[in-house]
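Here is the file structure_5.cif (mmCIF, C-alpha atoms).
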```
data_run
loop_
_atom_site.group_PDB
_atom_site.id
_atom_site.type_symbol
_atom_site.label_atom_id
_atom_site.label_comp_id
_atom_site.auth_asym_id
_atom_site.auth_seq_id
_atom_site.Cartn_x
_atom_site.Cartn_y
_atom_site.Cartn_z
ATOM 1 C CA MET A 1 -152.936 -70.010 137.038
ATOM 2 C CA ALA A 2 -154.163 -73.448 136.060
ATOM 3 C CA GLN A 3 -151.229 -75.217 137.706
ATOM 4 C CA ARG A 4 -151.874 -73.679 141.132
ATOM 5 C CA LYS A 5 -155.638 -74.255 140.890
ATOM 6 C CA TYR A 6 -154.979 -77.904 140.109
ATOM 7 C CA LEU A 7 -152.769 -78.237 143.191
ATOM 8 C CA TYR A 8 -155.418 -76.670 145.404
ATOM 9 C CA ALA A 9 -158.134 -78.896 143.960
ATOM 10 C CA ALA A 10 -156.102 -81.966 144.888
ATOM 11 C CA MET A 11 -156.084 -81.040 148.588
ATOM 12 C CA ALA A 12 -158.379 -83.010 150.885
ATOM 13 C CA VAL A 13 -160.924 -80.775 152.642
ATOM 14 C CA GLN A 14 -163.131 -81.594 155.627
ATOM 15 C CA THR A 15 -166.404 -79.677 155.815
ATOM 16 C CA LEU A 16 -168.039 -79.113 159.190
ATOM 17 C CA ILE A 17 -171.580 -77.821 159.782
ATOM 18 C CA PRO A 18 -171.793 -75.807 163.045
ATOM 19 C CA SER A 19 -175.289 -77.044 163.861
ATOM 20 C CA GLU A 20 -174.030 -80.641 163.765
ATOM 21 C CA LEU A 21 -171.225 -80.034 166.303
ATOM 22 C CA SER A 22 -171.342 -79.808 170.072
ATOM 23 C CA ILE A 23 -170.795 -76.310 171.461
ATOM 24 C CA GLN A 24 -167.472 -77.491 172.903
ATOM 25 C CA ASP A 25 -166.235 -78.919 169.584
ATOM 26 C CA LEU A 26 -167.402 -75.853 167.657
ATOM 27 C CA GLN A 27 -165.660 -73.480 170.056
ATOM 28 C CA ARG A 28 -162.429 -75.488 169.924
ATOM 29 C CA THR A 29 -162.482 -75.504 166.103
ATOM 30 C CA LEU A 30 -163.141 -71.775 165.857
ATOM 31 C CA GLN A 31 -160.526 -70.853 168.443
ATOM 32 C CA PHE A 32 -157.858 -72.875 166.652
ATOM 33 C CA ALA A 33 -158.853 -71.525 163.223
ATOM 34 C CA VAL A 34 -159.252 -67.843 164.120
ATOM 35 C CA GLY A 35 -156.073 -66.360 165.562
ATOM 36 C CA PRO A 36 -153.816 -65.084 166.826
ATOM 37 C CA ARG A 37 -156.426 -63.115 168.755
ATOM 38 C CA PRO A 38 -155.410 -60.012 170.741
ATOM 39 C CA ILE A 39 -156.079 -60.227 174.458
ATOM 40 C CA ALA A 40 -157.976 -57.608 176.436
ATOM 41 C CA LEU A 41 -157.341 -57.756 180.164
ATOM 42 C CA VAL A 42 -160.471 -55.979 181.411
ATOM 43 C CA SER A 43 -161.033 -54.443 184.820
ATOM 44 C CA SER A 44 -164.602 -53.646 185.811
ATOM 45 C CA ILE A 45 -166.544 -52.796 188.972
ATOM 46 C CA ASN A 46 -170.064 -53.425 190.233
ATOM 47 C CA ARG A 47 -172.404 -51.026 192.053
ATOM 48 C CA LEU A 48 -171.100 -52.288 195.408
ATOM 49 C CA GLY A 49 -167.567 -51.244 194.445
ATOM 50 C CA GLN A 50 -166.320 -54.823 194.030
ATOM 51 C CA VAL A 51 -163.614 -55.070 191.356
ATOM 52 C CA ASN A 52 -163.253 -57.784 188.712
ATOM 53 C CA LEU A 53 -160.321 -58.491 186.393
ATOM 54 C CA SER A 54 -160.608 -60.940 183.493
ATOM 55 C CA PRO A 55 -158.991 -61.560 180.071
ATOM 56 C CA PHE A 56 -160.923 -61.827 176.801
ATOM 57 C CA SER A 57 -159.588 -62.895 173.408
ATOM 58 C CA TYR A 58 -162.862 -62.176 171.627
ATOM 59 C CA PHE A 59 -161.621 -58.613 171.285
ATOM 60 C CA ASN A 60 -160.417 -55.972 168.840
ATOM 61 C CA ILE A 61 -160.469 -52.308 167.789
ATOM 62 C CA PHE A 62 -163.333 -51.393 165.461
ATOM 63 C CA SER A 63 -163.169 -47.634 164.958
ATOM 64 C CA THR A 64 -160.721 -44.762 165.343
ATOM 65 C CA ASN A 65 -163.228 -41.914 165.110
ATOM 66 C CA PRO A 66 -164.768 -42.433 167.598
ATOM 67 C CA PRO A 67 -162.189 -44.768 169.202
ATOM 68 C CA ILE A 68 -164.176 -47.965 169.752
ATOM 69 C CA LEU A 69 -163.053 -51.288 171.232
ATOM 70 C CA ILE A 70 -165.276 -54.347 171.537
ATOM 71 C CA PHE A 71 -164.763 -57.356 173.758
ATOM 72 C CA ALA A 72 -167.229 -60.194 174.064
ATOM 73 C CA PRO A 73 -167.872 -62.118 177.296
ATOM 74 C CA SER A 74 -169.587 -65.377 176.356
ATOM 75 C CA GLN A 75 -172.126 -67.153 178.507
ATOM 76 C CA ARG A 76 -170.382 -69.927 180.436
ATOM 77 C CA LEU A 77 -170.317 -73.260 178.588
ATOM 78 C CA ARG A 78 -171.064 -75.301 181.685
ATOM 79 C CA ASP A 79 -174.389 -73.668 182.604
ATOM 80 C CA GLY A 80 -175.045 -70.646 180.384
ATOM 81 C CA SER A 81 -174.563 -68.194 183.261
ATOM 82 C CA SER A 82 -173.174 -64.678 182.757
ATOM 83 C CA LYS A 83 -169.580 -63.811 183.609
ATOM 84 C CA ASP A 84 -168.869 -61.203 186.273
ATOM 85 C CA SER A 85 -167.442 -58.748 183.726
ATOM 86 C CA LEU A 86 -170.730 -58.713 181.840
ATOM 87 C CA LEU A 87 -172.790 -58.279 185.003
ATOM 88 C CA ASN A 88 -170.496 -55.483 186.144
ATOM 89 C CA VAL A 89 -170.712 -53.390 182.961
ATOM 90 C CA GLN A 90 -174.479 -53.700 183.072
ATOM 91 C CA GLU A 91 -174.339 -52.082 186.529
ATOM 92 C CA VAL A 92 -171.423 -49.674 186.046
ATOM 93 C CA PRO A 93 -170.779 -49.012 182.322
ATOM 94 C CA GLU A 94 -167.050 -48.347 182.616
ATOM 95 C CA VAL A 95 -163.964 -50.537 182.063
ATOM 96 C CA VAL A 96 -160.218 -50.373 181.618
ATOM 97 C CA VAL A 97 -158.872 -52.488 178.738
ATOM 98 C CA HIS A 98 -155.217 -53.477 179.156
ATOM 99 C CA ALA A 99 -152.675 -54.752 176.634
ATOM 100 C CA VAL A 100 -151.098 -58.049 177.694
ATOM 101 C CA SER A 101 -147.321 -58.381 177.348
ATOM 102 C CA HIS A 102 -145.314 -61.585 177.600
ATOM 103 C CA ALA A 103 -144.075 -60.535 181.052
ATOM 104 C CA MET A 104 -147.625 -60.698 182.444
ATOM 105 C CA VAL A 105 -149.182 -63.611 180.523
ATOM 106 C CA GLU A 106 -149.117 -66.159 183.360
ATOM 107 C CA GLN A 107 -150.777 -63.769 185.801
ATOM 108 C CA THR A 108 -153.297 -62.851 183.115
ATOM 109 C CA SER A 109 -154.159 -66.509 182.625
ATOM 110 C CA LEU A 110 -154.619 -66.916 186.385
ATOM 111 C CA SER A 111 -157.068 -64.006 186.424
ATOM 112 C CA SER A 112 -159.348 -65.995 184.085
ATOM 113 C CA THR A 113 -160.160 -68.441 186.895
ATOM 114 C CA SER A 114 -163.896 -68.600 187.643
ATOM 115 C CA TYR A 115 -163.758 -67.273 191.184
ATOM 116 C CA GLU A 116 -166.984 -66.516 193.022
ATOM 117 C CA ARG A 117 -168.610 -63.165 192.327
ATOM 118 C CA GLY A 118 -167.046 -60.451 194.442
ATOM 119 C CA ILE A 119 -163.569 -62.011 194.545
ATOM 120 C CA ASN A 120 -160.919 -59.486 193.461
ATOM 121 C CA GLU A 121 -158.749 -61.018 190.715
ATOM 122 C CA PHE A 122 -156.198 -58.233 191.164
ATOM 123 C CA ILE A 123 -155.355 -59.845 194.488
ATOM 124 C CA LYS A 124 -155.624 -63.444 193.260
ATOM 125 C CA SER A 125 -153.360 -62.841 190.238
ATOM 126 C CA GLY A 126 -150.900 -60.578 192.055
ATOM 127 C CA PHE A 127 -151.396 -57.560 189.801
ATOM 128 C CA THR A 128 -151.030 -54.055 191.207
ATOM 129 C CA ALA A 129 -154.184 -51.918 191.131
ATOM 130 C CA VAL A 130 -153.711 -48.181 190.601
ATOM 131 C CA PRO A 131 -156.479 -45.563 190.376
ATOM 132 C CA SER A 132 -157.802 -44.635 186.951
ATOM 133 C CA THR A 133 -158.162 -40.986 185.970
ATOM 134 C CA HIS A 134 -161.540 -40.999 184.209
ATOM 135 C CA VAL A 135 -163.386 -44.195 185.196
ATOM 136 C CA ALA A 136 -164.163 -46.098 188.399
ATOM 137 C CA PRO A 137 -162.391 -49.453 187.753
ATOM 138 C CA PRO A 138 -158.687 -49.417 188.664
ATOM 139 C CA ARG A 139 -155.828 -49.957 186.209
ATOM 140 C CA VAL A 140 -153.242 -52.744 186.103
ATOM 141 C CA ALA A 141 -149.886 -51.088 186.805
ATOM 142 C CA GLU A 142 -147.946 -53.890 185.077
ATOM 143 C CA SER A 143 -149.674 -53.449 181.701
ATOM 144 C CA PRO A 144 -147.743 -51.492 179.040
ATOM 145 C CA VAL A 145 -150.927 -49.832 177.744
ATOM 146 C CA ALA A 146 -154.187 -49.177 179.591
ATOM 147 C CA LEU A 147 -157.240 -47.770 177.845
ATOM 148 C CA GLU A 148 -159.928 -46.260 180.046
ATOM 149 C CA CYS A 149 -163.328 -46.667 178.447
ATOM 150 C CA ARG A 150 -166.986 -45.958 178.949
ATOM 151 C CA VAL A 151 -169.351 -48.686 177.797
ATOM 152 C CA ASN A 152 -171.691 -47.347 175.125
ATOM 153 C CA GLU A 153 -173.736 -50.488 174.528
ATOM 154 C CA VAL A 154 -174.019 -54.187 175.317
ATOM 155 C CA ILE A 155 -175.399 -56.359 172.518
ATOM 156 C CA ALA A 156 -176.484 -59.935 173.228
ATOM 157 C CA LEU A 157 -175.760 -62.222 170.258
ATOM 158 C CA GLY A 158 -177.731 -65.243 171.464
ATOM 159 C CA GLU A 159 -178.898 -67.242 174.438
ATOM 160 C CA GLY A 160 -177.508 -70.202 176.347
ATOM 161 C CA PRO A 161 -173.977 -71.632 176.730
ATOM 162 C CA GLY A 162 -171.375 -70.050 174.450
ATOM 163 C CA ALA A 163 -173.557 -67.123 173.390
ATOM 164 C CA GLY A 164 -171.528 -63.949 173.029
ATOM 165 C CA ASN A 165 -172.261 -60.441 174.268
ATOM 166 C CA LEU A 166 -170.623 -57.506 172.518
ATOM 167 C CA VAL A 167 -169.452 -54.855 174.968
ATOM 168 C CA VAL A 168 -168.949 -51.701 172.879
ATOM 169 C CA CYS A 169 -166.405 -49.444 174.596
ATOM 170 C CA GLU A 170 -165.336 -45.901 173.752
ATOM 171 C CA VAL A 171 -161.774 -45.009 174.719
ATOM 172 C CA ILE A 172 -161.602 -41.805 176.761
ATOM 173 C CA ALA A 173 -158.026 -41.993 178.117
ATOM 174 C CA ILE A 174 -154.864 -43.910 177.173
ATOM 175 C CA HIS A 175 -151.966 -44.606 179.547
ATOM 176 C CA ILE A 176 -148.657 -45.756 178.030
ATOM 177 C CA ASP A 177 -145.538 -46.953 179.836
ATOM 178 C CA ASP A 178 -142.568 -44.824 178.711
ATOM 179 C CA SER A 179 -140.359 -47.938 178.462
ATOM 180 C CA ILE A 180 -142.177 -49.143 175.334
ATOM 181 C CA LEU A 181 -141.679 -45.932 173.365
ATOM 182 C CA ASP A 182 -139.038 -45.575 170.670
ATOM 183 C CA GLU A 183 -136.612 -42.680 170.182
ATOM 184 C CA ASP A 184 -139.368 -40.674 168.461
ATOM 185 C CA GLY A 185 -141.817 -41.163 171.314
ATOM 186 C CA GLN A 186 -143.934 -43.653 169.344
ATOM 187 C CA LEU A 187 -145.080 -47.093 170.429
ATOM 188 C CA ASP A 188 -142.394 -49.654 169.581
ATOM 189 C CA GLN A 189 -143.913 -52.958 168.457
ATOM 190 C CA ASP A 190 -140.956 -55.049 169.591
ATOM 191 C CA ARG A 191 -140.756 -53.413 173.023
ATOM 192 C CA LEU A 192 -144.496 -53.936 173.527
ATOM 193 C CA ASP A 193 -143.834 -57.692 173.407
ATOM 194 C CA LEU A 194 -147.535 -58.526 173.147
ATOM 195 C CA VAL A 195 -148.997 -62.009 173.304
ATOM 196 C CA GLY A 196 -151.957 -63.364 171.340
ATOM 197 C CA ARG A 197 -154.367 -66.191 172.028
ATOM 198 C CA LEU A 198 -154.586 -69.350 169.944
ATOM 199 C CA GLY A 199 -156.576 -72.566 170.452
ATOM 200 C CA GLY A 200 -156.455 -74.711 173.581
ATOM 201 C CA ASP A 201 -153.550 -73.719 175.836
ATOM 202 C CA TRP A 202 -151.566 -72.133 172.992
ATOM 203 C CA TYR A 203 -150.378 -68.526 172.819
ATOM 204 C CA VAL A 204 -148.148 -66.627 170.394
ATOM 205 C CA ARG A 205 -145.551 -63.950 171.157
ATOM 206 C CA ALA A 206 -145.181 -60.852 168.942
ATOM 207 C CA HIS A 207 -141.498 -60.233 169.546
ATOM 208 C CA GLY A 208 -138.082 -60.549 167.913
ATOM 209 C CA ASP A 209 -137.922 -62.802 164.867
ATOM 210 C CA ALA A 210 -141.688 -63.385 165.027
ATOM 211 C CA LEU A 211 -142.241 -59.809 163.829
ATOM 212 C CA PHE A 212 -142.152 -58.946 160.133
ATOM 213 C CA GLU A 213 -143.412 -56.137 157.943
ATOM 214 C CA VAL A 214 -145.595 -56.296 154.838
ATOM 215 C CA GLU A 215 -145.784 -53.138 152.764
ATOM 216 C CA LYS A 216 -149.406 -52.031 152.590
ATOM 217 C CA PRO A 217 -150.712 -51.065 149.100
ATOM 218 C CA VAL A 218 -152.099 -47.756 150.317
ATOM 219 C CA THR A 219 -150.105 -45.116 148.462
ATOM 220 C CA THR A 220 -149.301 -47.223 145.391
ATOM 221 C CA LEU A 221 -151.406 -48.991 142.799
ATOM 222 C CA GLY A 222 -149.791 -52.388 142.337
ATOM 223 C CA ILE A 223 -149.958 -54.092 138.958
ATOM 224 C CA GLY A 224 -151.543 -57.192 140.500
ATOM 225 C CA VAL A 225 -150.678 -60.870 140.233
ATOM 226 C CA ASP A 226 -152.775 -61.152 137.089
ATOM 227 C CA ALA A 227 -150.342 -58.799 135.305
ATOM 228 C CA LEU A 228 -147.283 -60.921 136.048
ATOM 229 C CA PRO A 229 -145.690 -62.825 133.150
ATOM 230 C CA ARG A 230 -147.158 -66.309 132.810
ATOM 231 C CA SER A 231 -143.769 -67.901 133.490
ATOM 232 C CA VAL A 232 -143.666 -66.046 136.806
ATOM 233 C CA ARG A 233 -147.266 -66.815 137.804
ATOM 234 C CA LEU A 234 -146.745 -70.523 137.174
ATOM 235 C CA SER A 235 -143.269 -70.633 138.715
ATOM 236 C CA THR A 236 -142.452 -73.796 140.642
ATOM 237 C CA VAL A 237 -140.062 -71.754 142.783
ATOM 238 C CA LEU A 238 -142.003 -68.633 143.744
ATOM 239 C CA SER A 239 -144.666 -68.869 146.451
ATOM 240 C CA GLY A 240 -147.984 -67.049 146.703
ATOM 241 C CA ASN A 241 -146.348 -64.557 149.069
ATOM 242 C CA ASP A 242 -143.630 -63.948 146.473
ATOM 243 C CA LEU A 243 -146.231 -63.299 143.796
ATOM 244 C CA GLY A 244 -148.021 -60.898 146.138
ATOM 245 C CA LYS A 245 -144.824 -58.891 146.621
ATOM 246 C CA LEU A 246 -144.235 -58.737 142.861
ATOM 247 C CA GLY A 247 -147.864 -57.798 142.214
ATOM 248 C CA ASN A 248 -147.621 -54.926 144.688
ATOM 249 C CA THR A 249 -145.067 -53.225 142.422
ATOM 250 C CA GLU A 250 -146.229 -50.072 140.689
ATOM 251 C CA MET A 251 -143.271 -49.451 138.349
ATOM 252 C CA LEU A 252 -141.180 -52.197 136.752
ATOM 253 C CA PRO A 253 -137.473 -51.813 135.923
ATOM 254 C CA ILE A 254 -136.912 -50.146 132.568
ATOM 255 C CA GLN A 255 -135.046 -51.949 129.781
ATOM 256 C CA ILE A 256 -131.722 -50.184 130.318
ATOM 257 C CA GLU A 257 -131.750 -51.315 133.978
ATOM 258 C CA ILE A 258 -132.361 -54.897 132.889
ATOM 259 C CA GLU A 259 -129.615 -54.774 130.300
ATOM 260 C CA GLU A 260 -127.156 -53.393 132.854
ATOM 261 C CA PHE A 261 -128.239 -56.042 135.357
ATOM 262 C CA MET A 262 -127.250 -58.769 132.903
ATOM 263 C CA GLN A 263 -123.636 -57.876 133.787
ATOM 264 C CA HIS A 264 -124.218 -58.644 137.464
ATOM 265 C CA HIS A 265 -121.800 -61.368 138.605
ATOM 266 C CA ARG A 266 -124.564 -63.663 139.869
ATOM 267 C CA ILE A 267 -126.526 -63.335 136.638
ATOM 268 C CA ASN A 268 -123.362 -63.941 134.584
ATOM 269 C CA ALA A 269 -122.689 -67.072 136.613
ATOM 270 C CA ILE A 270 -126.222 -68.378 136.043
ATOM 271 C CA PHE A 271 -125.932 -67.916 132.281
ATOM 272 C CA ARG A 272 -122.534 -69.635 132.240
ATOM 273 C CA LEU A 273 -123.683 -72.612 134.300
ATOM 274 C CA TYR A 274 -127.100 -73.235 132.746
ATOM 275 C CA VAL A 275 -127.408 -73.692 128.995
ATOM 276 C CA ASP A 276 -130.825 -75.311 129.142
ATOM 277 C CA PRO A 277 -133.415 -72.452 129.204
ATOM 278 C CA ILE A 278 -135.697 -74.252 131.679
ATOM 279 C CA GLU A 279 -132.877 -74.852 134.157
ATOM 280 C CA ARG A 280 -131.671 -71.285 133.661
ATOM 281 C CA ARG A 281 -135.151 -69.918 134.360
ATOM 282 C CA GLU A 282 -135.383 -71.951 137.557
ATOM 283 C CA ALA A 283 -131.981 -70.615 138.675
ATOM 284 C CA LEU A 284 -133.082 -67.049 137.962
ATOM 285 C CA HIS A 285 -136.326 -67.612 139.880
ATOM 286 C CA LEU A 286 -134.334 -68.967 142.823
ATOM 287 C CA TYR A 287 -132.160 -65.858 142.765
ATOM 288 C CA ALA A 288 -135.270 -63.656 142.539
ATOM 289 C CA LYS A 289 -136.795 -65.463 145.521
ATOM 290 C CA GLU A 290 -133.595 -64.865 147.471
ATOM 291 C CA GLN A 291 -133.923 -61.143 146.775
ATOM 292 C CA LEU A 292 -137.620 -61.118 147.670
ATOM 293 C CA ASP A 293 -136.796 -62.717 151.029
ATOM 294 C CA LYS A 294 -134.428 -59.790 151.631
ATOM 295 C CA GLY A 295 -137.115 -57.263 150.663
ATOM 296 C CA LYS A 296 -135.328 -56.315 147.426
ATOM 297 C CA VAL A 297 -138.360 -56.465 145.137
ATOM 298 C CA HIS A 298 -136.957 -54.245 142.379
ATOM 299 C CA LYS A 299 -133.825 -56.404 142.143
ATOM 300 C CA ALA A 300 -135.966 -59.538 142.011
ATOM 301 C CA TRP A 301 -137.915 -58.049 139.138
ATOM 302 C CA LYS A 302 -134.714 -57.357 137.219
ATOM 303 C CA ALA A 303 -133.674 -60.998 137.597
ATOM 304 C CA LEU A 304 -137.046 -62.209 136.345
ATOM 305 C CA LEU A 305 -137.072 -59.796 133.423
ATOM 306 C CA VAL A 306 -133.502 -60.730 132.429
ATOM 307 C CA ASP A 307 -134.893 -64.152 131.550
ATOM 308 C CA ARG A 308 -137.591 -62.634 129.334
ATOM 309 C CA LEU A 309 -135.175 -60.187 127.705
ATOM 310 C CA ASN A 310 -132.628 -62.890 126.947
ATOM 311 C CA THR A 311 -135.052 -65.474 125.564
ATOM 312 C CA HIS A 312 -137.392 -62.960 123.903
ATOM 313 C CA ASN A 313 -140.163 -64.633 125.911
ATOM 314 C CA THR A 314 -143.662 -63.500 124.977
ATOM 315 C CA ASP A 315 -145.633 -65.812 127.223
ATOM 316 C CA THR A 316 -147.834 -63.154 128.866
ATOM 317 C CA GLU A 317 -151.589 -63.649 128.835
#
```

Turn this file's structure into structure tokens for me.
Amino acid sequence: MAQRKYLYAAMAVQTLIPSELSIQDLQRTLQFAVGPRPIALVSSINRLGQVNLSPFSYFNIFSTNPPILIFAPSQRLRDGSSKDSLLNVQEVPEVVVHAVSHAMVEQTSLSSTSYERGINEFIKSGFTAVPSTHVAPPRVAESPVALECRVNEVIALGEGPGAGNLVVCEVIAIHIDDSILDEDGQLDQDRLDLVGRLGGDWYVRAHGDALFEVEKPVTTLGIGVDALPRSVRLSTVLSGNDLGKLGNTEMLPIQIEIEEFMQHHRINAIFRLYVDPIERREALHLYAKEQLDKGKVHKAWKALLVDRLNTHNTDTE
């Protein structure tokens, strides 16, 4: 893949050393570079029974057995003080972690305001509090999914402004709004309409055309990009994503399929229009890319292998 390596080597790269940046600049860089980040809207309660509600994008799922979520309240940048959510879980180790849909993103953002300790963000943001079934903090009625959790551990990652604290939560009950279930009673990704956090004031919406599927190489053993013909690996038409799709193929079309595919009207047209083998190869690669964009990987392979069959190409490495 010398051609692609050469292109990458020609790119200008800026190298930053975290210790040489201000905490503010480092946080901004990391938050733009690492995303989209899922958002946990977390309700908690202190020993006086005062409720807090706050969103966190330093958050994810880390285990299924046991079901573990982790969110990370950072020490405030302005003075290094602890956020109310962190203080609350140290007093009452229970939370409810809510999924954030597009319909509730503005209210969720409002709940991140640094109100004085003891102020109820449910009231400030206009969310509806409903009782939980297994933990003390209430749930947000507007959230499509609410996960009641007990806090197993709080791990401090550092000291001072920007230092994170891992709140390790075990899910003990899950509440799901029926409206986001599909016909089989399963969570529907499009109906969930989740939002993710990016850098600065930017968010991303996981809905409609923004959603796409990538077949996971779990049940198959793909041949790998390294096994692709050299002419395909160094194609000026096919992208890295295209090569990944081709490399995830376990079985290639057999010769009789390729021979039959040579009679396809599009392939016939390409061979009639392009006498020059280089131009013909580019046209075949363009057709293959068109098929890959439609998810028709096997058909794309047939187009690519037609070129090799016709020219008796032996340029594999």

**OP:** Might you pull out every residue within 7 Å of Ile176 (chain A), with all atoms listed in the file counted and same-chain residues fewer than 6 positions away left off, and present them as a list in words?
**Re:** Pro144, Val145 and Ala146 of chain A

**OP:** Excluding His265 (chain A) and any residue of its chain fewer than 6 positions from it, enumerate the residues within 12 Å of it, using all atoms listed in the file, and give them as number ranges by chain.
**Re:** A: 271-272, 303

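With distances restricted to only C-alpha atoms, A:Val306 is the closest residue to Ile254 (chain A) from A:Leu87, A:Leu77, A:Val306, A:Val97.
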
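Going from CA of Pro18 (chain A) over to CA of Val195 (chain A), you cover 28.6 Å.
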
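Across the structure, CA of Leu181 (chain A) and CA of Gly295 (chain A) are spaced 25.8 Å apart.
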
**OP:** Name the residues captured by the PyMOL selection byres ((chain A and resi 70) around 12) when it is applied to the shown file; answer as a VMD selection string.
**Re:** chain A and resid 38 to 40 42 56 to 63 67 to 69 71 to 73 95 to 97 149 to 155 164 to 171
